[in-house]
file coords.txt (compact mmCIF, C-alpha atoms)
# COMPACT_ATOMS: atom_id res chain seq x y z
CA MET R 1 -31.49 0.27 -10.35
CA VAL R 2 -34.48 0.95 -8.15
CA SER R 3 -33.09 -1.28 -5.45
CA THR R 4 -29.77 0.52 -5.73
CA PHE R 5 -31.40 3.83 -5.00
CA ALA R 6 -33.40 2.28 -2.21
CA SER R 7 -30.24 1.01 -0.60
CA MET R 8 -28.66 4.43 -1.03
CA ALA R 9 -31.61 5.90 0.79
CA ASP R 10 -31.05 3.32 3.50
CA PHE R 11 -27.49 4.43 3.77
CA LEU R 12 -28.40 8.06 4.05
CA ALA R 13 -31.02 7.44 6.70
CA PRO R 14 -29.65 8.76 9.98
CA ALA R 15 -30.69 5.92 12.22
CA GLN R 16 -28.71 2.86 11.35
CA ALA R 17 -27.83 1.25 14.59
CA SER R 18 -26.06 -1.69 13.06
CA PHE R 19 -23.32 0.41 11.57
CA PRO R 20 -19.92 -1.00 12.45
CA GLU R 21 -17.99 0.87 15.07
CA ALA R 22 -14.91 -1.23 15.61
CA MET R 23 -12.58 1.73 15.14
CA GLY R 24 -13.96 4.39 17.43
CA SER R 25 -15.91 7.23 15.96
CA VAL R 26 -14.11 6.83 12.63
CA THR R 27 -15.85 3.89 11.11
CA LEU R 28 -14.90 1.39 8.47
CA ALA R 29 -16.99 3.32 5.98
CA HIS R 30 -14.69 6.35 6.28
CA TYR R 31 -11.67 4.37 5.24
CA LEU R 32 -13.60 2.65 2.50
CA PHE R 33 -14.72 6.00 1.17
CA VAL R 34 -11.14 7.27 1.10
CA SER R 35 -10.12 4.08 -0.66
CA VAL R 36 -12.93 4.28 -3.21
CA ALA R 37 -12.28 7.93 -3.96
CA MET R 38 -8.59 7.28 -4.43
CA PHE R 39 -9.30 4.30 -6.65
CA ALA R 40 -11.67 6.32 -8.82
CA MET R 41 -9.11 9.08 -9.13
CA GLY R 42 -6.51 6.56 -10.18
CA LEU R 43 -8.90 5.23 -12.80
CA ILE R 44 -9.74 8.68 -14.11
CA GLY R 45 -6.07 9.54 -14.24
CA PHE R 46 -5.26 6.36 -16.08
CA LEU R 47 -7.94 7.08 -18.66
CA THR R 48 -7.23 10.75 -19.16
CA ARG R 49 -3.51 11.26 -18.93
CA ARG R 50 -1.50 10.64 -22.04
CA ASN R 51 1.90 10.42 -20.44
CA LEU R 52 2.88 6.76 -20.10
CA ILE R 53 4.66 7.28 -16.78
CA ILE R 54 1.72 9.08 -15.22
CA MET R 55 -0.56 6.31 -16.41
CA PHE R 56 1.54 3.78 -14.51
CA LEU R 57 1.64 6.12 -11.54
CA CYS R 58 -2.16 6.02 -11.56
CA THR R 59 -2.17 2.22 -11.47
CA GLU R 60 0.06 2.48 -8.42
CA MET R 61 -2.54 4.80 -6.93
CA MET R 62 -5.18 2.15 -7.45
CA PHE R 63 -2.95 -0.39 -5.67
CA GLN R 64 -2.64 2.08 -2.86
CA ALA R 65 -6.40 2.48 -2.58
CA ALA R 66 -6.80 -1.28 -2.40
CA GLY R 67 -4.18 -1.36 0.33
CA ILE R 68 -6.08 1.15 2.44
CA ALA R 69 -9.25 -0.89 2.13
CA LEU R 70 -7.42 -4.09 3.05
CA ILE R 71 -5.80 -2.55 6.12
CA ALA R 72 -9.11 -1.05 7.21
CA PHE R 73 -10.78 -4.44 6.98
CA SER R 74 -7.86 -6.02 8.79
CA ARG R 75 -8.36 -3.59 11.67
CA PHE R 76 -12.11 -3.99 11.60
CA TYR R 77 -11.95 -7.76 11.89
CA LEU R 78 -8.97 -7.64 14.28
CA HIS R 79 -7.24 -10.06 11.98
CA HIS R 80 -3.84 -9.76 10.38
CA THR R 81 -4.49 -11.46 7.07
CA GLY R 82 -5.38 -8.13 5.46
CA GLN R 83 -1.98 -6.77 6.37
CA SER R 84 -0.25 -9.88 5.04
CA PHE R 85 -2.06 -9.36 1.80
CA VAL R 86 -0.90 -5.77 1.61
CA ILE R 87 2.68 -7.08 1.75
CA PHE R 88 1.79 -9.19 -1.26
CA VAL R 89 0.24 -6.19 -3.01
CA LEU R 90 3.43 -4.24 -2.36
CA THR R 91 5.42 -7.05 -3.98
CA VAL R 92 3.19 -7.05 -7.02
CA ALA R 93 3.38 -3.27 -7.23
CA ALA R 94 7.17 -3.37 -7.10
CA ALA R 95 7.34 -6.02 -9.80
CA GLU R 96 4.87 -4.12 -11.92
CA ALA R 97 6.81 -0.89 -11.51
CA ALA R 98 10.05 -2.56 -12.54
CA LEU R 99 8.55 -4.11 -15.65
CA ALA R 100 6.48 -1.10 -16.61
CA LEU R 101 9.37 1.29 -16.26
CA ALA R 102 11.64 -0.96 -18.29
CA LEU R 103 8.98 -0.98 -20.99
CA VAL R 104 8.54 2.78 -20.82
CA VAL R 105 12.25 3.37 -21.22
CA LEU R 106 12.32 0.97 -24.15
CA LEU R 107 9.36 2.67 -25.81
CA PHE R 108 10.85 6.09 -25.21
CA ARG R 109 14.06 5.05 -26.92
CA GLY R 110 12.02 3.89 -29.87
CA ARG R 111 10.09 7.07 -30.49
CA GLU R 112 11.52 9.78 -28.23
CA SER R 113 8.12 10.51 -26.74
CA LEU R 114 6.04 9.40 -23.80
CA ASN R 115 2.77 10.10 -25.52
CA ALA R 116 0.57 7.04 -25.27
CA ASP R 117 -1.32 8.08 -28.38
CA GLN R 118 1.76 7.57 -30.48
CA TRP R 119 1.65 3.87 -29.78
CA HIS R 120 -1.79 3.16 -31.11
CA SER R 121 -0.17 0.80 -33.58
CA LEU R 122 0.32 -1.54 -30.60
CA LYS R 123 -3.39 -2.28 -30.72
CA GLY R 124 -2.63 -5.49 -32.51
CA MET U 1 -24.50 10.60 -2.86
CA ALA U 2 -22.29 13.55 -3.63
CA LEU U 3 -19.30 11.90 -5.16
CA PRO U 4 -17.92 14.11 -7.87
CA ARG U 5 -14.47 14.23 -9.17
CA LYS U 6 -13.06 16.55 -11.70
CA ARG U 7 -10.56 16.81 -14.47
CA VAL U 8 -8.53 19.53 -16.04
CA ASN U 9 -9.53 22.78 -17.35
CA PRO U 10 -11.64 24.94 -15.11
CA GLN U 11 -9.03 23.63 -12.74
CA ILE U 12 -9.59 25.61 -9.58
CA ILE U 13 -13.37 25.28 -9.73
CA GLY U 14 -13.10 21.57 -10.33
CA GLY U 15 -10.69 21.17 -7.45
CA LEU U 16 -12.96 23.12 -5.12
CA VAL U 17 -16.00 21.09 -6.13
CA ALA U 18 -14.11 17.87 -5.58
CA ALA U 19 -12.76 19.01 -2.22
CA ILE U 20 -16.14 20.21 -1.01
CA ALA U 21 -17.91 17.05 -2.11
CA GLY U 22 -15.30 14.72 -0.65
CA GLY U 23 -15.23 16.75 2.54
CA LEU U 24 -19.00 16.73 2.81
CA VAL U 25 -19.14 12.97 2.48
CA LEU U 26 -16.47 12.48 5.12
CA ILE U 27 -17.99 15.01 7.49
CA GLY U 28 -21.42 13.51 6.97
CA LEU U 29 -20.04 10.11 7.84
CA GLY U 30 -18.36 11.62 10.89
CA ILE U 31 -21.54 13.25 12.12
CA ARG U 32 -23.46 10.05 11.67
CA ALA U 33 -20.84 8.03 13.46
CA ARG U 34 -20.95 10.56 16.26
CA GLU U 35 -24.70 10.21 16.52
CA VAL U 36 -24.31 6.50 16.79
CA GLU U 37 -21.47 6.47 19.22
CA GLY U 38 -20.73 9.90 20.61
CA GLY U 39 -17.27 11.11 21.44
CA LEU U 40 -14.80 13.16 19.52
CA PRO U 41 -13.98 12.34 15.93
CA ASN U 42 -10.47 11.26 15.18
CA LEU U 43 -8.94 14.43 13.80
CA TYR U 44 -5.86 12.68 12.48
CA PHE U 45 -8.00 10.59 10.21
CA TYR U 46 -9.55 13.65 8.62
CA VAL U 47 -6.20 15.37 8.22
CA PHE U 48 -4.57 12.35 6.61
CA ALA U 49 -7.56 11.57 4.43
CA ALA U 50 -7.74 15.15 3.20
CA ILE U 51 -4.02 15.22 2.39
CA ALA U 52 -4.19 11.84 0.67
CA LEU U 53 -7.16 12.71 -1.49
CA GLY U 54 -5.95 16.21 -2.29
CA ALA U 55 -2.52 14.94 -3.25
CA SER U 56 -3.95 12.20 -5.43
CA LEU U 57 -6.10 14.79 -7.14
CA ARG U 58 -2.95 16.73 -7.90
CA VAL U 59 -1.27 13.57 -9.17
CA ILE U 60 -3.81 13.21 -11.92
CA THR U 61 -4.12 16.92 -12.66
CA HIS U 62 -0.59 18.24 -12.48
CA GLN U 63 0.99 18.95 -15.81
CA ARG U 64 4.54 18.15 -14.86
CA PRO U 65 5.29 14.46 -14.38
CA VAL U 66 7.94 15.13 -11.74
CA TYR U 67 5.49 17.08 -9.62
CA ALA U 68 2.88 14.38 -10.10
CA ALA U 69 5.34 11.81 -8.77
CA LEU U 70 6.19 14.04 -5.81
CA TYR U 71 2.50 14.47 -5.04
CA PHE U 72 2.16 10.72 -5.21
CA ILE U 73 4.84 10.47 -2.54
CA LEU U 74 2.68 12.77 -0.43
CA THR U 75 -0.26 10.44 -1.02
CA ILE U 76 1.86 7.52 0.12
CA LEU U 77 2.99 9.31 3.25
CA SER U 78 -0.52 10.21 4.28
CA SER U 79 -1.73 6.68 3.56
CA ALA U 80 1.04 5.55 5.87
CA GLY U 81 -0.49 7.88 8.43
CA LEU U 82 -3.85 6.20 7.90
CA TYR U 83 -2.17 2.82 8.37
CA LEU U 84 -0.75 4.06 11.66
CA ILE U 85 -4.22 5.05 12.84
CA LEU U 86 -5.37 1.57 11.87
CA ALA U 87 -2.70 0.05 14.14
CA ALA U 88 -0.68 -1.38 11.26
CA GLU U 89 2.69 0.08 12.21
CA PHE U 90 4.80 -2.37 10.29
CA MET U 91 2.89 -1.85 7.09
CA ALA U 92 3.04 1.92 7.52
CA PHE U 93 6.81 1.94 7.68
CA ALA U 94 7.16 -0.73 5.02
CA LEU U 95 4.99 1.42 2.81
CA ILE U 96 7.17 4.46 3.32
CA ILE U 97 10.38 2.51 2.78
CA ILE U 98 9.25 0.45 -0.20
CA TYR U 99 6.88 2.79 -1.95
CA ALA U 100 8.11 6.27 -1.21
CA GLY U 101 11.70 5.19 -0.87
CA ALA U 102 12.18 2.71 -3.67
CA ILE U 103 9.38 2.56 -6.22
CA LEU U 104 8.74 6.27 -6.46
CA ILE U 105 12.42 7.08 -6.70
CA THR U 106 12.64 4.66 -9.60
CA TYR U 107 9.73 6.48 -11.18
CA LEU U 108 11.48 9.79 -10.71
CA PHE U 109 14.62 8.41 -12.31
CA VAL U 110 12.69 7.19 -15.31
CA ILE U 111 10.81 10.47 -15.63
CA MET U 112 14.07 12.34 -15.68
CA MET U 113 15.65 9.86 -18.10
CA ALA U 114 12.70 9.81 -20.47
CA THR U 115 12.12 13.48 -20.92
CA GLN U 116 13.28 15.36 -23.96
CA SER U 117 16.15 17.53 -22.87
CA PRO U 118 14.98 21.11 -23.35
CA SER U 119 17.09 23.25 -25.58
CA GLU U 120 18.54 26.51 -24.35
CA GLU U 121 15.84 28.89 -25.59
CA GLU U 122 12.79 26.82 -24.57
CA VAL U 123 13.47 26.07 -20.95
CA ASP U 124 9.95 25.81 -19.59
CA VAL U 125 8.19 24.05 -22.36
CA LEU U 126 5.89 21.21 -21.43
CA ALA U 127 5.14 18.42 -23.80
CA GLU U 128 1.83 18.75 -25.55
CA TYR U 129 0.63 15.38 -24.30
CA ASP U 130 1.15 16.53 -20.72
CA LEU U 131 -0.97 19.61 -21.22
CA GLN U 132 -3.94 18.03 -22.89
CA ALA U 133 -6.11 15.44 -21.29
CA ARG U 134 -7.47 12.62 -23.37
CA GLU U 135 -11.23 12.17 -23.47
CA PRO U 136 -11.85 14.00 -20.20
CA LEU U 137 -15.62 13.73 -20.28
CA ALA U 138 -15.76 10.04 -21.06
CA ALA U 139 -13.11 9.31 -18.45
CA VAL U 140 -14.86 11.36 -15.80
CA PHE U 141 -18.07 9.56 -16.64
CA ALA U 142 -16.34 6.20 -16.26
CA GLY U 143 -14.76 7.39 -13.03
CA PHE U 144 -18.11 8.53 -11.67
CA LEU U 145 -19.63 5.25 -12.64
CA ILE U 146 -17.06 3.20 -10.82
CA LEU U 147 -17.07 5.59 -7.87
CA GLY U 148 -20.81 5.34 -7.56
CA ALA U 149 -20.91 1.60 -8.04
CA LEU U 150 -18.14 0.94 -5.56
CA SER U 151 -19.61 3.34 -3.01
CA VAL U 152 -23.03 1.80 -3.18
CA MET U 153 -21.60 -1.69 -2.93
CA ILE U 154 -19.32 -0.78 -0.08
CA PHE U 155 -21.88 1.10 1.93
CA THR U 156 -24.64 -1.43 1.50
CA GLY U 157 -22.13 -4.17 2.23
CA ALA U 158 -20.71 -2.36 5.23
CA SER U 159 -24.11 -1.96 6.79
CA LYS U 160 -24.57 -5.72 6.59
CA LEU U 161 -21.29 -6.46 8.33
CA PRO U 162 -21.43 -7.78 11.86
CA GLY U 163 -21.18 -5.18 14.59
CA SER U 164 -18.04 -4.57 16.56
CA GLU U 165 -19.36 -6.49 19.58
CA GLU U 166 -19.72 -9.70 17.61
CA ILE U 167 -16.30 -9.30 16.07
CA ARG U 168 -14.67 -8.65 19.41
CA ALA U 169 -16.41 -11.67 20.83
CA GLN U 170 -15.11 -13.88 18.04
CA ALA U 171 -11.62 -12.50 17.61
CA PRO U 172 -8.84 -13.94 19.72
CA HIS U 173 -7.39 -11.77 22.44
CA PRO U 174 -4.77 -9.40 21.01
CA ASP U 175 -2.13 -10.86 23.30
CA HIS U 176 -2.80 -14.48 22.46
CA MET U 177 0.22 -14.28 20.20
CA LEU U 178 2.37 -14.33 23.33
CA GLN U 179 1.50 -18.00 23.73
CA LEU U 180 3.56 -18.70 20.64
CA LEU U 181 6.62 -16.64 21.56
CA PRO U 182 8.38 -18.63 24.33
CA ARG U 183 11.82 -17.07 23.96
CA ARG U 184 10.60 -13.51 24.11
CA VAL U 185 8.21 -14.03 27.02
CA GLU U 186 10.80 -15.92 29.05
CA ARG U 187 13.49 -13.35 28.35
CA VAL U 188 11.24 -10.51 29.50
CA LEU U 189 10.24 -12.43 32.60
CA GLN U 190 13.86 -13.17 33.44
CA ASP U 191 14.87 -9.56 32.91
CA GLU U 192 12.10 -8.53 35.24
CA GLY U 193 13.32 -11.04 37.82
CA LEU U 194 9.97 -12.78 37.89
CA ILE U 195 11.41 -16.20 37.12
CA SER U 196 14.79 -17.66 37.89
CA GLY U 197 17.18 -18.93 35.26
CA ARG U 198 16.02 -22.49 35.77
CA GLU U 199 12.33 -21.78 35.42
CA ARG U 200 10.41 -22.01 32.21
CA ILE U 201 6.80 -21.50 31.23
CA VAL U 202 4.93 -24.76 31.09
CA ARG U 203 4.16 -25.93 27.57
CA GLU U 204 0.81 -27.19 26.58
CA ALA U 205 0.15 -29.28 23.50
CA ARG U 206 2.24 -28.44 20.43
CA GLY U 207 4.57 -26.07 22.20
CA VAL U 208 1.92 -23.50 23.10
CA LEU U 209 2.73 -21.76 26.35
CA SER U 210 0.26 -22.14 29.16
CA LEU U 211 -0.35 -18.44 29.38
CA ASP U 212 -3.67 -16.76 29.85
CA PRO U 213 -3.74 -13.56 27.78
CA GLU U 214 -6.91 -12.25 29.38
CA ALA U 215 -6.01 -12.80 33.00
CA ARG U 216 -2.38 -11.97 32.13
CA THR U 217 -0.99 -14.88 34.06
CA ALA U 218 1.36 -17.69 33.17
CA ILE U 219 2.25 -20.99 34.81
CA VAL U 220 5.95 -21.54 35.28
CA ALA U 221 7.83 -24.55 36.55
CA ARG U 222 11.44 -25.43 37.28
CA THR U 223 13.23 -27.59 34.76
CA VAL U 224 15.67 -30.36 35.37
CA ASP U 225 18.10 -29.38 32.68
CA VAL U 226 18.20 -25.83 31.37
CA ASP U 227 20.01 -26.75 28.20
CA GLY U 228 17.75 -29.66 27.36
CA ASP U 229 14.21 -29.66 26.13
CA PRO U 230 12.26 -27.86 28.82
CA ALA U 231 8.99 -29.47 27.84
CA GLY U 232 10.30 -32.84 28.85
CA GLY U 233 12.16 -31.82 31.95
CA PHE U 234 9.73 -30.00 34.19
CA ILE U 235 9.93 -30.98 37.81
CA PRO U 236 6.45 -32.05 38.85
CA GLY U 237 4.96 -30.06 41.65
CA SER U 238 7.12 -26.99 41.09
CA GLU U 239 4.50 -25.10 39.10
CA ARG U 240 3.47 -21.67 40.23
CA GLU U 241 1.39 -18.95 38.66
CA ILE U 242 2.87 -15.53 38.03
CA ALA U 243 1.39 -12.31 36.71
CA LEU U 244 2.78 -10.96 33.48
CA PRO U 245 4.27 -7.46 33.49
CA ASP U 246 2.11 -4.84 31.86
CA HIS U 247 4.49 -3.94 29.10
CA LEU U 248 4.63 -7.49 27.79
CA ARG U 249 2.29 -7.24 24.85
CA ALA U 250 2.11 -8.83 21.43
CA ARG U 251 3.38 -6.35 18.89
CA ASN U 252 2.02 -5.70 15.45
CA VAL U 253 5.17 -7.03 13.79
CA GLU U 254 5.03 -10.30 15.70
CA SER U 255 1.37 -10.88 14.98
CA LEU U 256 1.81 -9.96 11.33
CA ALA U 257 4.85 -12.18 10.93
CA TYR U 258 3.06 -15.08 12.55
CA ASP U 259 0.05 -14.61 10.32
CA PHE U 260 2.19 -14.23 7.22
CA LEU U 261 4.54 -17.14 7.80
CA ASN U 262 2.18 -19.55 9.45
CA ARG U 263 -1.11 -19.06 7.68
CA HIS U 264 0.02 -17.93 4.24
CA PRO U 265 3.37 -19.56 3.49
CA MET U 266 2.35 -19.97 -0.14
CA THR U 267 2.20 -16.19 -0.48
CA ILE U 268 5.94 -15.96 -0.03
CA GLU U 269 6.54 -18.54 -2.74
CA ILE U 270 4.24 -16.77 -5.16
CA ALA U 271 5.77 -13.41 -4.36
CA GLY U 272 9.20 -14.86 -4.97
CA VAL U 273 8.16 -16.21 -8.36
CA ILE U 274 6.59 -12.87 -9.28
CA LEU U 275 9.72 -10.98 -8.34
CA LEU U 276 11.90 -13.45 -10.24
CA MET U 277 9.71 -13.09 -13.30
CA ALA U 278 9.84 -9.31 -13.03
CA MET U 279 13.60 -9.45 -12.79
CA LEU U 280 13.89 -11.75 -15.79
CA GLY U 281 11.49 -9.57 -17.71
CA ALA U 282 13.44 -6.42 -16.96
CA VAL U 283 16.68 -8.14 -17.97
CA VAL U 284 15.18 -9.37 -21.23
CA LEU U 285 13.66 -5.99 -22.00
CA SER U 286 16.90 -4.13 -21.51
CA ARG U 287 19.18 -6.70 -23.11
CA ARG U 288 18.77 -5.46 -26.65
CA GLN U 289 20.14 -2.10 -25.62
CA VAL U 290 23.25 -3.74 -24.19
CA ASP U 291 23.82 -5.51 -27.51
CA ILE U 292 23.64 -2.22 -29.32
CA ASP U 293 26.10 -0.76 -26.89
CA ASP U 294 28.49 -3.65 -27.49
CA GLU U 295 28.12 -3.16 -31.20
CA ARG U 296 28.90 0.50 -30.85
CA LYS U 297 31.86 -0.26 -28.64
CA ARG U 298 33.26 -2.66 -31.20
CA GLN U 299 32.78 -0.15 -33.98
CA GLN U 300 34.49 2.50 -31.90
CA ALA U 301 37.37 0.16 -31.16
CA GLU U 302 37.76 -0.68 -34.84
CA ARG U 303 37.66 2.96 -35.79
CA ARG U 304 40.28 3.80 -33.20
CA LEU U 305 42.44 0.98 -34.48
CA ARG U 306 42.08 2.26 -38.02
CA ASP U 307 42.88 5.80 -36.96
CA ALA U 308 45.96 4.58 -35.15
CA GLU U 309 47.13 2.68 -38.25
CA GLU U 310 46.51 5.67 -40.47
CA ALA U 311 48.45 7.87 -38.10
CA ARG U 312 51.32 5.40 -38.13
CA LEU U 313 51.36 5.32 -41.90

call {"tool": "encode", "arguments": {"input": "coords.txt", "output": "structure tokens"}}
result
Amino acid sequence: MVSTFASMADFLAPAQASFPEAMGSVTLAHYLFVSVAMFAMGLIGFLTRRNLIIMFLCTEMMFQAAGIALIAFSRFYLHHTGQSFVIFVLTVAAAEAALALALVVLLFRGRESLNADQWHSLKG
Amino acid sequence: MALPRKRVNPQIIGGLVAAIAGGLVLIGLGIRAREVEGGLPNLYFYVFAAIALGASLRVITHQRPVYAALYFILTILSSAGLYLILAAEFMAFALIIIYAGAILITYLFVIMMATQSPSEEEVDVLAEYDLQAREPLAAVFAGFLILGALSVMIFTGASKLPGSEEIRAQAPHPDHMLQLLPRRVERVLQDEGLISGRERIVREARGVLSLDPEARTAIVARTVDVDGDPAGGFIPGSEREIALPDHLRARNVESLAYDFLNRHPMTIEIAGVILLMAMLGAVVLSRRQVDIDDERKRQQAERRLRDAEEARL
């Protein structure tokens, strides 16, 4: 924990000449921050919302955040593998959406509600 | 590190706090980057980042699922803007087409299908589970935790990354992809009138064109037989060096396709299997409903038959 705070102090120190600058005055860290913030919001949304559809929407948001990070790294390293992987992530997201929505419709037909709390009997 | 996020009730205050904190972090990063490098910040980045984060905040806070999905489309669009800034044009448009165009529309359909139809007197009633968040404090705590952990890891990791000079020194020239695109390069050169119909670019080992992406020159030679294999039929001594036109550049789509198909062919196979499994899963999940429908249809047919017989009697 102490080392964590020390490294945070390092980060906040103004003079850090080794900071990457491959993308002009907007650095990799900017994109990573956007990605992290979006990921955290997706997580919070997934935990707090009780509507099944919104919960899946929040997982899509986390996919999206990962995509931004991957593309930013791809640009930073001037390498296209990150972008290829985003195509793969898109595929997985599409498959996940199809399955999740089929499940949601099925569950809704069963109980006429999208409330996730009503399905606590699925705990197993 | 000011990294707050908020949830529900004191909604406006929470939103303001989140916006100010996120904005402060981004602006702080911008100022630092400016100290390091100088020059103007990229305004588009800030605009798109602000829209993306604001819209995703609305996704998780809006009470109506349809609006949440629409805000998510806004998030997607501004992420596509970020992709454009990052020189990933293909992925930006693929994102808009696939995500905003296909996946989100499916979500909207399902939202509209799976909502209780409101009766006449209660038009604007929201479901109780949409109004009330579940365990907001615990979730915000978890969110903070992961936000803090990821930020610390990312920022400490990012400061250990090699600098841009090293990466530029190691990375291949952006136009090196042209060496692998004989048809396109030769067509452009012929359209420009730089080579005659019987001239081709000399091939090196394994079909790579002898083309220098940094000096922007290529070595061309006349071939014996245009229809045959040009690599075998170059006339010795006819080589000459030409300069490539300026607009002949490797595009993002070409580089991405080469990377995808050549370096990660297995990805396509795995993606295909995943999509097939998803399709099978969706079919299996919805099959029971079709059976019920068939049952109902048969019952209806029998009833109609009976009615017809009764009417005849």

call {"tool": "closest_residue", "arguments": {"input": "coords.txt", "among": "R:Gln64, R:Ala93, R:Arg75, R:Thr27", "to": "U:Leu53", "atoms": "all atoms listed in the file"}}
result
R:Gln64

call {"tool": "atom_distance", "arguments": {"input": "coords.txt", "atom1": "atom CA of U:Ile96", "atom2": "atom CA of U:Ile73"}}
result
8.7 Å

call {"tool": "residues_near_point", "arguments": {"input": "coords.txt", "point": "(9.1, 9.5, -12.2)", "cutoff": "9 Å", "atoms": "all atoms listed in the file", "output": "list in words"}}
result
Ile53, Ile54 and Leu57 of chain R; Pro65, Val66, Tyr67, Ala68, Ala69, Leu70, Leu104, Ile105, Thr106, Tyr107, Leu108, Phe109, Val110, Ile111, Met112 and Met113 of chain U

call {"tool": "closest_residue", "arguments": {"input": "coords.txt", "among": "R:Ala100, R:Leu32, R:Ala116, R:Met55", "to": "R:Ile71", "atoms": "only C-alpha atoms"}}
result
R:Leu32

call {"tool": "atom_distance", "arguments": {"input": "coords.txt", "atom1": "atom CA of U:Leu74", "atom2": "atom CA of R:Arg50"}}
result
22.1 Å

call {"tool": "axis_aligned_box", "arguments": {"input": "coords.txt", "around": "stretch 43-50 of chain R", "padding_each_side": "5 Å", "output": "AutoDock Vina command-line options"}}
result
--center_x -5.6 --center_y 8.2 --center_z -17.4 --size_x 18.2 --size_y 16.0 --size_z 19.2

call {"tool": "residues_near_point", "arguments": {"input": "coords.txt", "point": "(-10.8, 4.6, -13.1)", "cutoff": "9 Å", "atoms": "all atoms listed in the file", "output": "list of chain:residue names"}}
result
R:Phe39, R:Ala40, R:Met41, R:Gly42, R:Leu43, R:Ile44, R:Gly45, R:Phe46, R:Leu47, R:Cys58, R:Met62, U:Ala139, U:Val140, U:Ala142, U:Gly143, U:Phe144, U:Leu145, U:Ile146, U:Leu147

call {"tool": "atom_distance", "arguments": {"input": "coords.txt", "atom1": "atom CA of U:Leu43", "atom2": "atom CA of U:Leu77"}}
result
16.7 Å

call {"tool": "closest_residue", "arguments": {"input": "coords.txt", "among": "U:Val208, U:Ile219, U:Val185, U:Val152", "to": "chain R", "atoms": "only C-alpha atoms"}}
result
U:Val152

call {"tool": "closest_residue", "arguments": {"input": "coords.txt", "among": "U:Glu214, U:Leu150, U:Thr267, U:Ser238", "to": "U:Pro172", "atoms": "all atoms listed in the file"}}
result
U:Glu214

call {"tool": "closest_residue", "arguments": {"input": "coords.txt", "among": "U:Ala250, U:Leu275, U:Ala21, U:Leu180", "to": "chain R", "atoms": "all atoms listed in the file"}}
result
U:Leu275

call {"tool": "closest_residue", "arguments": {"input": "coords.txt", "among": "U:Glu239, U:Asp259, U:Glu192, U:Glu254", "to": "U:Asp175", "atoms": "only C-alpha atoms"}}
result
U:Glu254

call {"tool": "residues_around", "arguments": {"input": "coords.txt", "residues": "R:Ala65", "least_positions_apart": "6", "cutoff": "7 Å", "atoms": "all atoms listed in the file", "output": "PDB file with C-alpha atoms, in the frame of the given file"}}
result
ATOM      1  CA  SER R  35     -10.120   4.080  -0.660  1.00  0.00           C
ATOM      2  CA  VAL R  36     -12.930   4.280  -3.210  1.00  0.00           C
ATOM      3  CA  MET R  38      -8.590   7.280  -4.430  1.00  0.00           C
ATOM      4  CA  PHE R  39      -9.300   4.300  -6.650  1.00  0.00           C
TER       5      PHE R  39
END

call {"tool": "residues_around", "arguments": {"input": "coords.txt", "residues": "U:Gly54", "least_positions_apart": "5", "cutoff": "9 Å", "atoms": "all atoms listed in the file", "output": "ChimeraX atom specification"}}
result
/U:15,18-19,49,59,75

call {"tool": "residues_around", "arguments": {"input": "coords.txt", "residues": "U:Gly81", "least_positions_apart": "5", "cutoff": "10 Å", "atoms": "all atoms listed in the file", "output": "compact mmCIF listing (two decimals) with C-alpha atoms, in the frame of the given file"}}
result
# COMPACT_ATOMS: atom_id res chain seq x y z
CA TYR U 44 -5.86 12.68 12.48
CA PHE U 45 -8.00 10.59 10.21
CA VAL U 47 -6.20 15.37 8.22
CA PHE U 48 -4.57 12.35 6.61
CA ALA U 49 -7.56 11.57 4.43
CA ALA U 52 -4.19 11.84 0.67
CA THR U 75 -0.26 10.44 -1.02
CA ILE U 76 1.86 7.52 0.12
CA LEU U 86 -5.37 1.57 11.87
CA ALA U 87 -2.70 0.05 14.14
CA ALA U 88 -0.68 -1.38 11.26
CA GLU U 89 2.69 0.08 12.21
CA ALA U 92 3.04 1.92 7.52
CA PHE U 93 6.81 1.94 7.68
CA ILE U 96 7.17 4.46 3.32

call {"tool": "residues_around", "arguments": {"input": "coords.txt", "residues": "U:Ala278", "least_positions_apart": "2", "cutoff": "9 Å", "atoms": "all atoms listed in the file", "output": "list in words"}}
result
Ala94, Ala95, Glu96, Ala98 and Leu99 of chain R; Val273, Ile274, Leu275, Leu276, Leu280, Gly281, Ala282 and Val283 of chain U

call {"tool": "write_last_selection", "arguments": {"input": "coords.txt", "atoms": "C-alpha atoms", "output": "short mmCIF file (atom, residue, chain, number, x, y, z; two decimals), in the frame of the given file"}}
result
data_model
loop_
_atom_site.label_atom_id
_atom_site.label_comp_id
_atom_site.auth_asym_id
_atom_site.auth_seq_id
_atom_site.Cartn_x
_atom_site.Cartn_y
_atom_site.Cartn_z
CA ALA R 94 7.17 -3.37 -7.10
CA ALA R 95 7.34 -6.02 -9.80
CA GLU R 96 4.87 -4.12 -11.92
CA ALA R 98 10.05 -2.56 -12.54
CA LEU R 99 8.55 -4.11 -15.65
CA VAL U 273 8.16 -16.21 -8.36
CA ILE U 274 6.59 -12.87 -9.28
CA LEU U 275 9.72 -10.98 -8.34
CA LEU U 276 11.90 -13.45 -10.24
CA LEU U 280 13.89 -11.75 -15.79
CA GLY U 281 11.49 -9.57 -17.71
CA ALA U 282 13.44 -6.42 -16.96
CA VAL U 283 16.68 -8.14 -17.97
#
